[in-house]
file input.txt (compact mmCIF, C-alpha atoms)
# COMPACT_ATOMS: atom_id res chain seq x y z
CA MET A 14 23.95 -2.16 -9.20
CA SER A 15 26.36 0.34 -7.72
CA PRO A 16 25.92 4.09 -8.20
CA THR A 17 26.75 5.04 -11.75
CA ALA A 18 27.91 8.30 -13.20
CA SER A 19 25.21 10.39 -14.81
CA HIS A 20 25.60 12.63 -17.81
CA SER A 21 26.19 15.58 -15.50
CA GLY A 22 28.93 13.78 -13.60
CA GLU A 23 26.81 13.33 -10.49
CA ALA A 24 26.25 9.95 -8.82
CA GLU A 25 22.87 8.43 -9.48
CA LEU A 26 21.12 7.15 -6.34
CA SER A 27 21.21 3.36 -6.06
CA ASP A 28 17.80 3.28 -4.34
CA PRO A 29 15.27 5.47 -6.18
CA TRP A 30 13.06 5.74 -3.08
CA VAL A 31 15.82 7.30 -0.95
CA ALA A 32 16.03 11.06 -1.38
CA LEU A 33 19.57 11.53 -0.04
CA GLU A 34 21.92 8.69 0.76
CA PRO A 35 24.15 8.91 3.88
CA GLY A 36 27.40 10.64 3.11
CA SER A 37 25.96 12.73 0.28
CA ASP A 38 26.55 16.48 0.16
CA PRO A 39 23.10 18.11 0.57
CA LEU A 40 24.22 21.44 -0.89
CA GLU A 41 25.67 19.83 -4.01
CA ARG A 42 22.56 17.71 -4.40
CA VAL A 43 20.40 20.83 -4.19
CA ARG A 44 22.46 22.50 -6.94
CA VAL A 45 22.11 19.44 -9.17
CA LEU A 46 18.37 19.26 -8.60
CA ARG A 47 17.85 22.96 -9.31
CA ARG A 48 19.63 22.63 -12.64
CA ALA A 49 17.56 19.55 -13.43
CA HIS A 50 14.34 21.34 -12.47
CA GLU A 51 15.17 24.26 -14.75
CA THR A 52 15.98 21.85 -17.58
CA PHE A 53 12.63 20.14 -17.16
CA THR A 54 10.54 23.31 -16.90
CA GLU A 55 12.28 24.83 -19.94
CA ALA A 56 12.79 21.80 -22.19
CA GLY A 57 10.53 19.08 -20.77
CA THR A 58 13.37 16.56 -20.31
CA VAL A 59 14.54 15.10 -17.00
CA PRO A 60 18.31 14.64 -16.49
CA ARG A 61 19.39 11.30 -15.04
CA PRO A 62 20.39 12.48 -11.53
CA VAL A 63 16.68 12.96 -10.76
CA ARG A 64 15.15 9.96 -9.00
CA SER A 65 12.67 8.01 -11.11
CA VAL A 66 9.84 8.56 -8.60
CA VAL A 67 10.44 12.33 -8.81
CA ALA A 68 10.84 12.37 -12.60
CA ASP A 69 7.53 10.52 -13.00
CA SER A 70 5.87 12.94 -10.58
CA TRP A 71 7.22 15.99 -12.45
CA ARG A 72 5.76 14.61 -15.67
CA ARG A 73 2.38 13.99 -14.03
CA SER A 74 2.49 17.51 -12.57
CA ALA A 75 3.17 19.06 -15.96
CA ARG A 76 0.39 17.02 -17.60
CA ALA A 77 -1.99 18.24 -14.88
CA GLY A 78 -1.18 21.83 -15.83
CA VAL A 79 0.73 22.72 -12.67
CA GLY A 80 3.11 25.66 -13.11
CA PRO A 81 6.43 25.92 -11.24
CA ASP A 82 5.42 29.32 -9.86
CA GLY A 83 1.97 28.28 -8.67
CA THR A 84 0.64 27.93 -5.14
CA ALA A 85 -1.86 25.83 -3.23
CA SER A 86 -5.45 26.97 -2.96
CA VAL A 87 -7.46 26.80 0.27
CA GLU A 88 -10.63 24.75 -0.23
CA LEU A 89 -11.87 24.34 3.36
CA THR A 90 -12.11 27.21 5.81
CA ASP A 91 -13.48 27.92 9.28
CA GLY A 92 -16.64 25.96 10.06
CA ASP A 93 -16.43 23.77 6.96
CA LEU A 94 -12.90 22.70 7.88
CA GLY A 95 -13.80 22.10 11.52
CA SER A 96 -16.83 19.93 10.80
CA TYR A 97 -15.09 18.01 8.01
CA ARG A 98 -12.06 17.02 10.03
CA ALA A 99 -14.11 16.29 13.17
CA GLU A 100 -15.92 13.60 11.19
CA HIS A 101 -12.85 12.33 9.35
CA PRO A 102 -11.58 8.86 10.44
CA LEU A 103 -8.05 10.21 10.97
CA ALA A 104 -9.32 12.48 13.75
CA ARG A 105 -9.41 9.39 15.95
CA VAL A 106 -5.65 8.88 15.66
CA MET A 107 -4.52 12.51 15.91
CA PRO A 108 -3.58 11.96 19.61
CA LEU A 109 -1.35 9.09 18.46
CA PHE A 110 0.26 11.23 15.74
CA ARG A 111 0.97 13.95 18.30
CA GLU A 112 2.42 11.45 20.77
CA LEU A 113 4.73 9.77 18.26
CA MET A 114 5.71 12.86 16.27
CA GLY A 115 5.35 15.57 18.89
CA THR A 116 9.09 16.03 19.33
CA PHE A 117 9.38 17.02 15.67
CA ALA A 118 6.42 19.39 15.82
CA SER A 119 7.76 21.07 18.98
CA ASP A 120 11.44 21.40 18.08
CA GLY A 121 10.84 24.60 16.15
CA GLU A 122 12.08 23.18 12.84
CA HIS A 123 9.45 20.69 11.71
CA LEU A 124 5.72 20.52 11.12
CA LEU A 125 3.34 17.62 11.59
CA ALA A 126 0.72 17.53 8.84
CA VAL A 127 -2.16 15.18 8.05
CA CYS A 128 -4.09 15.20 4.78
CA ASP A 129 -7.13 13.34 3.46
CA ALA A 130 -7.20 11.01 0.46
CA GLN A 131 -7.66 14.01 -1.88
CA GLY A 132 -4.51 15.68 -0.58
CA ARG A 133 -6.33 18.37 1.44
CA LEU A 134 -4.44 19.32 4.60
CA LEU A 135 -6.57 18.76 7.70
CA TRP A 136 -4.03 19.48 10.43
CA VAL A 137 -0.72 21.36 10.34
CA GLU A 138 0.95 21.62 13.74
CA GLY A 139 4.27 22.93 15.06
CA ARG A 140 5.89 26.01 16.52
CA ALA A 141 4.29 29.33 15.56
CA GLY A 142 7.42 30.58 13.76
CA THR A 143 7.66 27.50 11.56
CA ARG A 144 3.94 27.59 10.79
CA GLN A 145 4.28 31.23 9.82
CA LYS A 146 7.04 30.35 7.33
CA ALA A 147 4.84 27.58 5.91
CA ASP A 148 1.97 30.07 5.53
CA GLY A 149 4.00 31.69 2.77
CA MET A 150 3.43 28.65 0.55
CA ASN A 151 -0.14 28.04 1.78
CA PHE A 152 0.88 24.92 3.69
CA VAL A 153 -2.09 25.45 5.98
CA PRO A 154 -5.16 23.47 7.10
CA GLY A 155 -7.79 23.38 4.39
CA ALA A 156 -5.33 23.84 1.49
CA ARG A 157 -5.29 21.29 -1.31
CA TRP A 158 -1.84 19.74 -1.71
CA ALA A 159 -2.79 17.01 -4.15
CA GLU A 160 -0.04 16.32 -6.69
CA SER A 161 -2.42 17.29 -9.47
CA ALA A 162 -2.89 20.71 -7.83
CA VAL A 163 0.58 21.72 -6.63
CA GLY A 164 2.89 19.17 -8.19
CA THR A 165 5.45 16.96 -6.49
CA ASN A 166 5.24 17.08 -2.67
CA ALA A 167 5.36 14.37 -0.02
CA PRO A 168 1.74 14.25 1.21
CA GLY A 169 0.27 14.75 -2.27
CA THR A 170 2.58 12.25 -3.94
CA ALA A 171 2.14 9.74 -1.10
CA VAL A 172 -1.63 9.61 -1.68
CA ALA A 173 -1.15 9.64 -5.46
CA LEU A 174 1.17 6.61 -5.34
CA ASP A 175 -0.27 5.05 -2.17
CA ARG A 176 3.21 4.54 -0.72
CA PRO A 177 5.65 6.34 1.62
CA VAL A 178 7.76 8.97 -0.13
CA GLN A 179 10.39 11.61 0.60
CA VAL A 180 10.68 14.84 -1.37
CA PHE A 181 13.94 16.73 -0.94
CA ALA A 182 14.39 20.44 -1.59
CA ALA A 183 14.36 21.18 -5.34
CA GLU A 184 12.60 17.88 -6.04
CA HIS A 185 9.42 19.84 -5.24
CA PHE A 186 7.77 20.95 -8.45
CA ILE A 187 6.74 24.40 -7.24
CA ARG A 188 9.71 26.69 -6.63
CA ARG A 189 8.41 28.35 -3.46
CA VAL A 190 8.28 24.90 -1.78
CA GLN A 191 11.87 24.00 -2.67
CA PRO A 192 13.45 25.33 0.57
CA TRP A 193 11.58 22.52 2.39
CA THR A 194 12.02 18.77 2.68
CA CYS A 195 9.23 16.38 3.67
CA ALA A 196 8.43 12.72 4.23
CA ALA A 197 4.91 11.24 4.19
CA ALA A 198 3.20 7.86 4.35
CA PRO A 199 -0.37 6.84 3.45
CA VAL A 200 -2.83 5.60 6.09
CA HIS A 201 -5.54 3.06 5.28
CA ASP A 202 -8.73 1.79 6.85
CA PRO A 203 -7.42 -1.49 8.36
CA ARG A 204 -10.68 -3.34 7.68
CA THR A 205 -11.48 -2.28 4.11
CA GLY A 206 -8.05 -1.21 2.83
CA ARG A 207 -9.49 2.15 1.72
CA LEU A 208 -6.99 5.01 1.55
CA LEU A 209 -7.84 7.56 4.26
CA GLY A 210 -5.03 10.08 3.74
CA ALA A 211 -1.40 10.53 4.75
CA VAL A 212 0.74 11.65 7.67
CA ASP A 213 3.64 13.98 6.90
CA ILE A 214 6.70 15.61 8.47
CA THR A 215 7.86 18.81 6.81
CA GLY A 216 11.04 20.65 7.71
CA GLY A 217 14.75 20.63 6.98
CA ASP A 218 17.18 18.55 4.95
CA TRP A 219 17.51 15.92 7.73
CA LEU A 220 14.20 14.50 6.56
CA ALA A 221 15.87 13.28 3.38
CA HIS A 222 17.69 10.61 5.45
CA PRO A 223 16.46 7.03 4.85
CA HIS A 224 15.55 6.71 8.54
CA SER A 225 12.90 9.42 8.28
CA LEU A 226 11.09 7.46 5.59
CA GLY A 227 11.02 4.38 7.80
CA PHE A 228 9.89 6.44 10.77
CA VAL A 229 6.92 8.06 9.08
CA GLN A 230 5.92 4.68 7.64
CA ALA A 231 6.04 3.16 11.14
CA VAL A 232 3.81 5.98 12.41
CA ALA A 233 1.29 5.27 9.65
CA ARG A 234 1.25 1.57 10.53
CA ALA A 235 0.78 2.38 14.21
CA ALA A 236 -2.20 4.55 13.26
CA GLU A 237 -3.72 1.72 11.25
CA SER A 238 -3.27 -0.63 14.21
CA GLN A 239 -4.94 1.91 16.47
CA LEU A 240 -7.84 2.28 14.03
CA ALA A 241 -8.23 -1.51 13.98
CA LEU A 242 -8.62 -1.49 17.77
CA LEU A 243 -11.05 1.41 17.69
CA THR A 244 -13.12 -0.11 14.86
CA PRO A 245 -13.18 -3.89 15.23
CA ALA A 246 -14.64 -6.03 12.48
CA PRO A 247 -18.39 -6.62 12.81
CA THR A 248 -19.22 -9.68 14.90
CA THR A 249 -23.01 -9.59 14.87
CA THR A 250 -25.29 -11.84 12.88
CA ASP A 251 -25.66 -8.99 10.38
CA THR A 252 -22.21 -9.74 8.94
CA LEU A 253 -19.87 -12.71 8.78
CA GLY A 254 -16.15 -12.01 9.20
CA LEU A 255 -14.04 -14.46 7.19
CA THR A 256 -10.25 -14.93 7.39
CA ALA A 257 -8.97 -17.37 4.78
CA LEU A 258 -5.57 -16.17 3.53
CA GLY A 259 -2.49 -18.05 4.64
CA ARG A 260 -4.43 -20.75 6.47
CA ASP A 261 -5.93 -24.12 5.58
CA GLU A 262 -8.92 -23.71 7.87
CA VAL A 263 -11.09 -20.61 7.70
CA LEU A 264 -11.60 -18.52 10.82
CA LEU A 265 -15.20 -17.30 10.89
CA MET A 266 -16.69 -14.61 13.13
CA ALA A 267 -20.43 -15.26 13.36
CA GLY A 268 -22.85 -13.80 15.88
CA GLY A 269 -20.09 -12.98 18.34
CA ARG A 270 -18.64 -16.49 18.03
CA LYS A 271 -15.24 -17.38 16.61
CA LEU A 272 -15.37 -20.62 14.61
CA ARG A 273 -12.56 -22.57 12.98
CA LEU A 274 -14.01 -24.58 10.15
CA SER A 275 -12.85 -27.88 8.68
CA ARG A 276 -11.09 -27.79 5.35
CA ARG A 277 -14.19 -28.82 3.38
CA HIS A 278 -16.44 -26.40 5.26
CA SER A 279 -13.80 -23.71 4.70
CA GLU A 280 -13.95 -24.32 0.96
CA ILE A 281 -17.75 -24.17 0.94
CA VAL A 282 -17.90 -20.90 2.89
CA VAL A 283 -15.24 -19.27 0.70
CA LEU A 284 -17.09 -20.26 -2.47
CA LEU A 285 -20.47 -19.12 -1.17
CA SER A 286 -18.94 -15.80 -0.05
CA ARG A 287 -17.89 -15.28 -3.68
CA HIS A 288 -21.43 -15.91 -4.92
CA PRO A 289 -23.93 -13.97 -2.80
CA GLU A 290 -26.61 -14.89 -5.34
CA GLY A 291 -26.09 -18.54 -4.38
CA LEU A 292 -24.94 -21.75 -6.07
CA THR A 293 -26.91 -24.82 -7.04
CA GLY A 294 -25.90 -28.24 -5.79
CA ASP A 295 -24.44 -29.12 -9.19
CA GLU A 296 -22.44 -25.89 -9.30
CA LEU A 297 -21.02 -26.54 -5.83
CA LEU A 298 -20.11 -30.10 -6.79
CA CYS A 299 -18.14 -28.88 -9.81
CA ALA A 300 -16.45 -26.16 -7.78
CA LEU A 301 -15.46 -28.46 -4.90
CA TYR A 302 -14.62 -31.85 -6.34
CA GLU A 303 -12.32 -32.98 -9.12
CA ASP A 304 -13.66 -36.51 -8.73
CA GLU A 305 -16.92 -36.72 -10.66
CA SER A 306 -17.90 -39.84 -8.70
CA VAL A 307 -18.69 -37.75 -5.62
CA THR A 308 -22.47 -37.77 -5.24
CA PRO A 309 -24.91 -34.99 -4.35
CA VAL A 310 -25.71 -36.96 -1.20
CA THR A 311 -22.15 -36.44 0.05
CA LEU A 312 -22.39 -32.70 -0.54
CA ARG A 313 -25.80 -32.44 1.15
CA ALA A 314 -24.39 -34.17 4.21
CA GLU A 315 -21.51 -31.66 4.38
CA LEU A 316 -23.92 -28.75 4.03
CA ALA A 317 -26.18 -30.14 6.76
CA ARG A 318 -23.23 -30.35 9.17
CA LEU A 319 -22.17 -26.81 8.23
CA ARG A 320 -25.71 -25.50 8.81
CA ARG A 321 -25.77 -26.98 12.33
CA LEU A 322 -22.36 -25.49 13.07
CA LEU A 323 -23.25 -21.98 11.87
CA GLY A 324 -26.62 -21.88 13.55
CA ALA A 325 -30.08 -21.03 12.39
CA GLY A 326 -30.61 -18.62 9.53
CA LEU A 327 -27.04 -18.29 8.22
CA LEU A 328 -27.02 -20.91 5.47
CA GLY A 329 -29.84 -20.87 2.95
CA SER A 330 -30.75 -23.42 0.30
CA ARG A 331 -32.25 -23.60 -3.21
CA PRO A 332 -29.79 -22.21 -4.13
CA TYR A 333 -27.19 -22.65 -1.39
CA ARG A 334 -26.14 -19.24 -0.10
CA LEU A 335 -25.00 -17.31 2.93
CA ALA A 336 -27.93 -15.34 4.29
CA VAL A 337 -25.87 -12.37 5.55
CA PRO A 338 -23.13 -10.22 3.97
CA VAL A 339 -19.53 -11.41 4.31
CA GLU A 340 -16.46 -9.26 4.97
CA SER A 341 -13.30 -11.21 4.12
CA ASP A 342 -9.57 -10.66 3.89
CA ILE A 343 -9.88 -11.85 0.27
CA ALA A 344 -12.16 -8.91 -0.49
CA VAL A 345 -9.77 -6.45 1.20
CA VAL A 346 -6.93 -7.56 -1.11
CA GLU A 347 -9.17 -7.42 -4.17
CA ARG A 348 -10.41 -3.91 -3.31
CA GLY A 349 -6.85 -2.73 -2.89
CA LEU A 350 -5.85 -4.11 -6.27
CA SER A 351 -8.93 -2.75 -8.05
CA THR A 352 -8.39 0.76 -6.69
CA GLY A 353 -4.61 0.80 -7.15
CA ALA A 354 -3.98 0.66 -3.38
CA VAL A 355 -1.19 -1.89 -3.82
CA THR A 356 0.39 -1.23 -0.42
CA ALA A 357 -2.90 -1.88 1.37
CA ALA A 358 -3.46 -5.03 -0.68
CA ALA A 359 0.03 -6.33 0.11
CA ARG A 360 -0.43 -5.70 3.83
CA ALA A 361 -3.74 -7.54 3.85
CA TYR A 362 -2.28 -10.56 2.02
CA SER A 363 -1.10 -12.97 4.73
CA GLY A 364 -0.53 -15.88 2.37
CA PRO A 365 -2.15 -18.01 -0.35
CA LEU A 366 -5.86 -18.74 -0.06
CA LEU A 367 -6.46 -22.13 1.65
CA PRO A 368 -3.05 -23.38 0.44
CA GLY A 369 -3.83 -27.05 1.04
CA SER A 370 -7.12 -27.02 -0.87
CA GLN A 371 -7.43 -28.89 -4.17
CA ALA A 372 -11.00 -27.79 -4.87
CA PRO A 373 -10.90 -26.63 -8.53
CA GLU A 374 -12.60 -23.27 -7.96
CA VAL A 375 -10.52 -22.51 -4.85
CA VAL A 376 -7.33 -23.32 -6.78
CA ARG A 377 -8.36 -20.90 -9.56
CA LEU A 378 -9.21 -18.15 -7.07
CA ARG A 379 -5.97 -18.72 -5.14
CA ARG A 380 -3.91 -18.44 -8.32
CA ARG A 381 -5.79 -15.38 -9.60
CA LEU A 382 -5.39 -13.51 -6.31
CA ALA A 383 -1.68 -14.29 -5.94
CA ASP A 384 -0.88 -13.56 -9.60
CA GLY A 385 -2.79 -10.29 -9.48
CA LEU A 386 -0.93 -9.09 -6.41
CA ARG A 387 2.54 -10.15 -7.56
CA ALA A 388 1.95 -8.49 -10.94
CA ALA A 389 0.96 -5.27 -9.16
CA LEU A 390 4.07 -5.45 -6.99
CA VAL A 391 6.36 -5.97 -9.99
CA ALA A 392 4.68 -3.06 -11.79
CA ARG A 393 4.91 -0.78 -8.71
CA ARG A 394 8.63 -1.54 -8.25
CA ASP A 395 8.56 -0.68 -4.56
CA PRO A 396 11.65 -2.39 -3.07
CA ASP A 397 10.12 -2.75 0.41
CA LEU A 398 6.96 -4.43 -0.86
CA LEU A 399 8.95 -6.64 -3.24
CA ALA A 400 11.32 -7.65 -0.43
CA ASP A 401 8.37 -8.56 1.82
CA TRP A 402 7.00 -10.83 -0.92
CA ALA A 403 10.38 -12.33 -1.85
CA HIS A 404 11.22 -13.24 1.74
CA ALA A 405 7.82 -14.76 2.48
CA ALA A 406 7.36 -18.52 2.19
CA TRP A 407 5.21 -18.10 -0.92
CA GLY A 408 7.66 -15.78 -2.69
CA GLU A 409 11.07 -17.26 -1.90
CA ASP A 410 11.24 -18.99 -5.31
CA ASP A 411 9.49 -16.27 -7.32
CA LEU A 412 12.05 -15.55 -10.03
CA ASP A 413 10.29 -12.50 -11.53
CA VAL A 414 10.00 -10.80 -8.15
CA TRP A 415 13.64 -11.49 -7.28
CA ARG A 416 14.74 -10.15 -10.67
CA THR A 417 12.76 -6.97 -10.16
CA LEU A 418 14.06 -6.57 -6.61
CA ALA A 419 17.66 -7.07 -7.78
CA ALA A 420 17.23 -4.40 -10.44
CA ILE A 421 15.99 -1.88 -7.87
CA ARG A 422 17.88 -2.87 -4.71
CA PRO A 423 20.94 -4.86 -5.82
CA ALA A 424 22.28 -5.78 -2.37
CA ALA A 425 24.69 -8.71 -2.24
CA PRO A 426 22.21 -11.16 -0.59
CA VAL A 427 19.58 -10.30 -3.21
CA ARG A 428 21.99 -10.86 -6.08
CA ALA A 429 23.18 -14.12 -4.52
CA ARG A 430 19.64 -15.45 -4.09
CA LEU A 431 18.74 -14.47 -7.66
CA LYS A 432 21.80 -16.28 -8.97
CA GLU A 433 20.75 -19.41 -7.07
CA LEU A 434 17.22 -19.24 -8.44
CA GLU A 435 18.34 -18.73 -12.02
CA ALA A 436 20.66 -21.71 -11.72
CA GLU A 437 17.92 -23.84 -10.16
CA GLN A 438 15.35 -22.86 -12.76
CA SER A 439 17.84 -22.99 -15.66
CA ALA A 440 17.14 -19.39 -16.57
CA PRO A 441 19.84 -17.16 -18.09
CA PRO A 442 20.99 -14.50 -15.62
CA ARG A 443 19.58 -11.08 -16.41
CA TRP A 444 20.12 -8.93 -13.36
CA ALA A 445 23.50 -7.76 -14.65
CA GLU A 446 21.70 -6.02 -17.53
CA HIS A 447 20.21 -3.57 -15.05

call {"tool": "encode", "arguments": {"input": "input.txt", "output": "structure tokens"}}
result
Amino acid sequence: MSPTASHSGEAELSDPWVALEPGSDPLERVRVLRRAHETFTEAGTVPRPVRSVVADSWRRSARAGVGPDGTASVELTDGDLGSYRAEHPLARVMPLFRELMGTFASDGEHLLAVCDAQGRLLWVEGRAGTRQKADGMNFVPGARWAESAVGTNAPGTAVALDRPVQVFAAEHFIRRVQPWTCAAAPVHDPRTGRLLGAVDITGGDWLAHPHSLGFVQAVARAAESQLALLTPAPTTTDTLGLTALGRDEVLLMAGGRKLRLSRRHSEIVVLLSRHPEGLTGDELLCALYEDESVTPVTLRAELARLRRLLGAGLLGSRPYRLAVPVESDIAVVERGLSTGAVTAAARAYSGPLLPGSQAPEVVRLRRRLADGLRAALVARRDPDLLADWAHAAWGEDDLDVWRTLAAIRPAAPVRARLKELEAEQSAPPRWAEH
């Protein structure tokens, strides 16, 4: 899909997540966006030159009761702010943010900002003159910049959508913020997938370049990696750490030991982790074996070997159960999907669950997890997440994902691969409709 002419005669962006494509005229784009903003605030309609991510955000802002002449309110001050951010998980990676983004915060034109999952600014750093200008719109520590409070803005919209986002000039919903441009990316707890907040750069029009979006996303990922090193997964007997996605043999962290289980033991541990209340021998037989001729004696022998391998006290019986809580990569993906944190879920998904397993219950769980994630990706329409899935071994033949990716990011290789898939799967080509 090449850029098409809009009703106003302006070119529509071919990638809705890019605020300003290379070669565009920033001043002309600002004029177009200001006219579009006035049209929306007066008539409630969004002209086509406005990116879909921004148009959706404007509508959410209006439904939340945000006015175009509003301002952010300060919710945390003085001691309350100091104690809150000292205890916040992102405090541990502030040195990393300063190291990676310090050149922007010290160049006199940009600000480094970090917000929590509710869109409250915890840190705003940069040259005194730039901070003073930002004070005029209450872009200060302790102020609430959630999208529902101040409308479209990079940190607030990033935590609302749980994905990196740029907001350019008059794309901001509140008029007093429109002289600024910003780019922000969400940061997650690497172990649980929980959204912690977002890191943001605020400054001039340069930040509308596609590279700035990739940069701030890379900073967020570096922070998550740093958090993973600072907060390793529990390895005591109080918790079992289970890694089962993208591998045929489970990796189990138990009592400080790292164990690689056989395929059958992997299936048993995965199933028991799904049923903390325990499973009877008959229930395990049905879940593990398609062949009804397999006897309870065979299963008891497998469980006895697994009990010796795990050590005393970890595998209970009557019913069979794991005696300690389990933290698994399966649960991280499921939490992300259940809370709408699709980006975190996609990052935690390293492949199908025990792909070689034919155990009936494992097959059902594998299919449900993969289908749930791919459906969320198609609904989110994030080209980066879709491309990651499409180019992975498990997504290379996924026709729905390739169709969605081609509609959003119609690069020649994407269109060519989609054409191949539609021919292979005897499906009528549909990408041209988009």

call {"tool": "closest_atom_pairs", "arguments": {"input": "input.txt", "of": "region 179-266 of chain A", "to": "region 361-379 of chain A", "cutoff": "9 Å", "atoms": "only C-alpha atoms", "output": "CSV"}}
result
residue,atom,partner,partner_atom,distance
A:Pro203,CA,A:Ala361,CA,8.4
A:Arg204,CA,A:Ala361,CA,9.0
A:Gly206,CA,A:Ala361,CA,7.7
A:Ala257,CA,A:Leu366,CA,5.9
A:Leu258,CA,A:Leu366,CA,4.4
A:Gly259,CA,A:Gly364,CA,3.7
A:Arg260,CA,A:Leu367,CA,5.4
A:Asp261,CA,A:Leu367,CA,4.4
A:Glu262,CA,A:Leu367,CA,6.9
A:Val263,CA,A:Leu367,CA,7.8

call {"tool": "atom_distance", "arguments": {"input": "input.txt", "atom1": "CA of Met266 (chain A)", "atom2": "CA of Leu253 (chain A)"}}
result
5.7 Å

call {"tool": "atom_distance", "arguments": {"input": "input.txt", "atom1": "CA of Val180 (chain A)", "atom2": "CA of Thr215 (chain A)"}}
result
9.5 Å

call {"tool": "closest_residue", "arguments": {"input": "input.txt", "among": "A:Trp407, A:Phe186, A:Trp402, A:Phe228", "to": "Arg73 (chain A)", "atoms": "all atoms listed in the file"}}
result
A:Phe186

call {"tool": "atom_distance", "arguments": {"input": "input.txt", "atom1": "CA of Ala357 (chain A)", "atom2": "CA of His123 (chain A)"}}
result
27.7 Å

call {"tool": "closest_residue", "arguments": {"input": "input.txt", "among": "A:Ala75, A:Asp175, A:Met114, A:Pro426", "to": "Asp395 (chain A)", "atoms": "only C-alpha atoms"}}
result
A:Asp175

call {"tool": "closest_residue", "arguments": {"input": "input.txt", "among": "A:Asp384, A:Glu437, A:Glu122, A:Glu237", "to": "Asp410 (chain A)", "atoms": "all atoms listed in the file"}}
result
A:Glu437

call {"tool": "residues_around", "arguments": {"input": "input.txt", "residues": "Glu160 (chain A)", "least_positions_apart": "3", "cutoff": "12 Å", "atoms": "all atoms listed in the file", "output": "MDAnalysis selection string"}}
result
chainID A and resid 67 69:80 84:85 130:133 157 163:174 185:187

call {"tool": "closest_residue", "arguments": {"input": "input.txt", "among": "A:Arg430, A:Arg422, A:Arg140, A:Arg381", "to": "Arg394 (chain A)", "atoms": "only C-alpha atoms"}}
result
A:Arg422

call {"tool": "residues_around", "arguments": {"input": "input.txt", "residues": "Val178 (chain A)", "least_positions_apart": "3", "cutoff": "7 Å", "atoms": "all atoms listed in the file", "output": "list in words"}}
result
Trp30, Ala167, Ala171, Ala196, Ala197, Ala198 and Leu226 of chain A

call {"tool": "axis_aligned_box", "arguments": {"input": "input.txt", "around": "region 278-292 of chain A", "padding_each_side": "6 Å", "output": "lines of an AutoDock Vina configuration file"}}
result
center_x = -20.2
center_y = -20.2
center_z = -0.4
size_x = 24.8
size_y = 24.4
size_z = 23.3

call {"tool": "closest_residue", "arguments": {"input": "input.txt", "among": "A:Arg320, A:Arg334, A:Arg270, A:Arg176", "to": "Ala233 (chain A)", "atoms": "only C-alpha atoms"}}
result
A:Arg176

call {"tool": "decode", "arguments": {"input": "input.txt", "residues": "region 373-385 of chain A", "atoms": "N, CA and C atoms", "output": "CSV table (one decimal), in the first residue's frame"}}
result
chain,number,residue,atom,x,y,z
A,373,PRO,N,-2.8,-35.2,25.1
A,373,PRO,CA,-4.0,-34.5,24.7
A,373,PRO,C,-4.2,-33.1,25.4
A,374,GLU,N,-3.9,-33.1,26.7
A,374,GLU,CA,-4.1,-31.8,27.5
A,374,GLU,C,-3.0,-30.8,27.1
A,375,VAL,N,-1.8,-31.3,26.9
A,375,VAL,CA,-0.7,-30.3,26.5
A,375,VAL,C,-1.0,-29.8,25.1
A,376,VAL,N,-1.5,-30.6,24.2
A,376,VAL,CA,-1.9,-30.1,22.8
A,376,VAL,C,-3.0,-29.0,22.9
A,377,ARG,N,-4.0,-29.3,23.8
A,377,ARG,CA,-5.1,-28.2,23.9
A,377,ARG,C,-4.5,-26.9,24.5
A,378,LEU,N,-3.6,-27.1,25.5
A,378,LEU,CA,-3.1,-25.9,26.1
A,378,LEU,C,-2.2,-25.1,25.1
A,379,ARG,N,-1.4,-25.9,24.4
A,379,ARG,CA,-0.5,-25.3,23.4
A,379,ARG,C,-1.3,-24.5,22.4
A,380,ARG,N,-2.4,-25.1,21.9
A,380,ARG,CA,-3.2,-24.4,20.9
A,380,ARG,C,-3.9,-23.2,21.4
A,381,ARG,N,-4.4,-23.3,22.7
A,381,ARG,CA,-5.1,-22.2,23.3
A,381,ARG,C,-4.2,-21.0,23.5
A,382,LEU,N,-3.0,-21.3,23.9
A,382,LEU,CA,-2.0,-20.2,24.2
A,382,LEU,C,-1.6,-19.5,22.9
A,383,ALA,N,-1.2,-20.3,21.9
A,383,ALA,CA,-0.8,-19.7,20.6
A,383,ALA,C,-2.0,-19.0,19.9
A,384,ASP,N,-3.2,-19.5,19.9
A,384,ASP,CA,-4.3,-18.9,19.3
A,384,ASP,C,-4.7,-17.6,20.0
A,385,GLY,N,-4.6,-17.6,21.3
A,385,GLY,CA,-4.9,-16.4,22.1
A,385,GLY,C,-3.9,-15.3,21.8
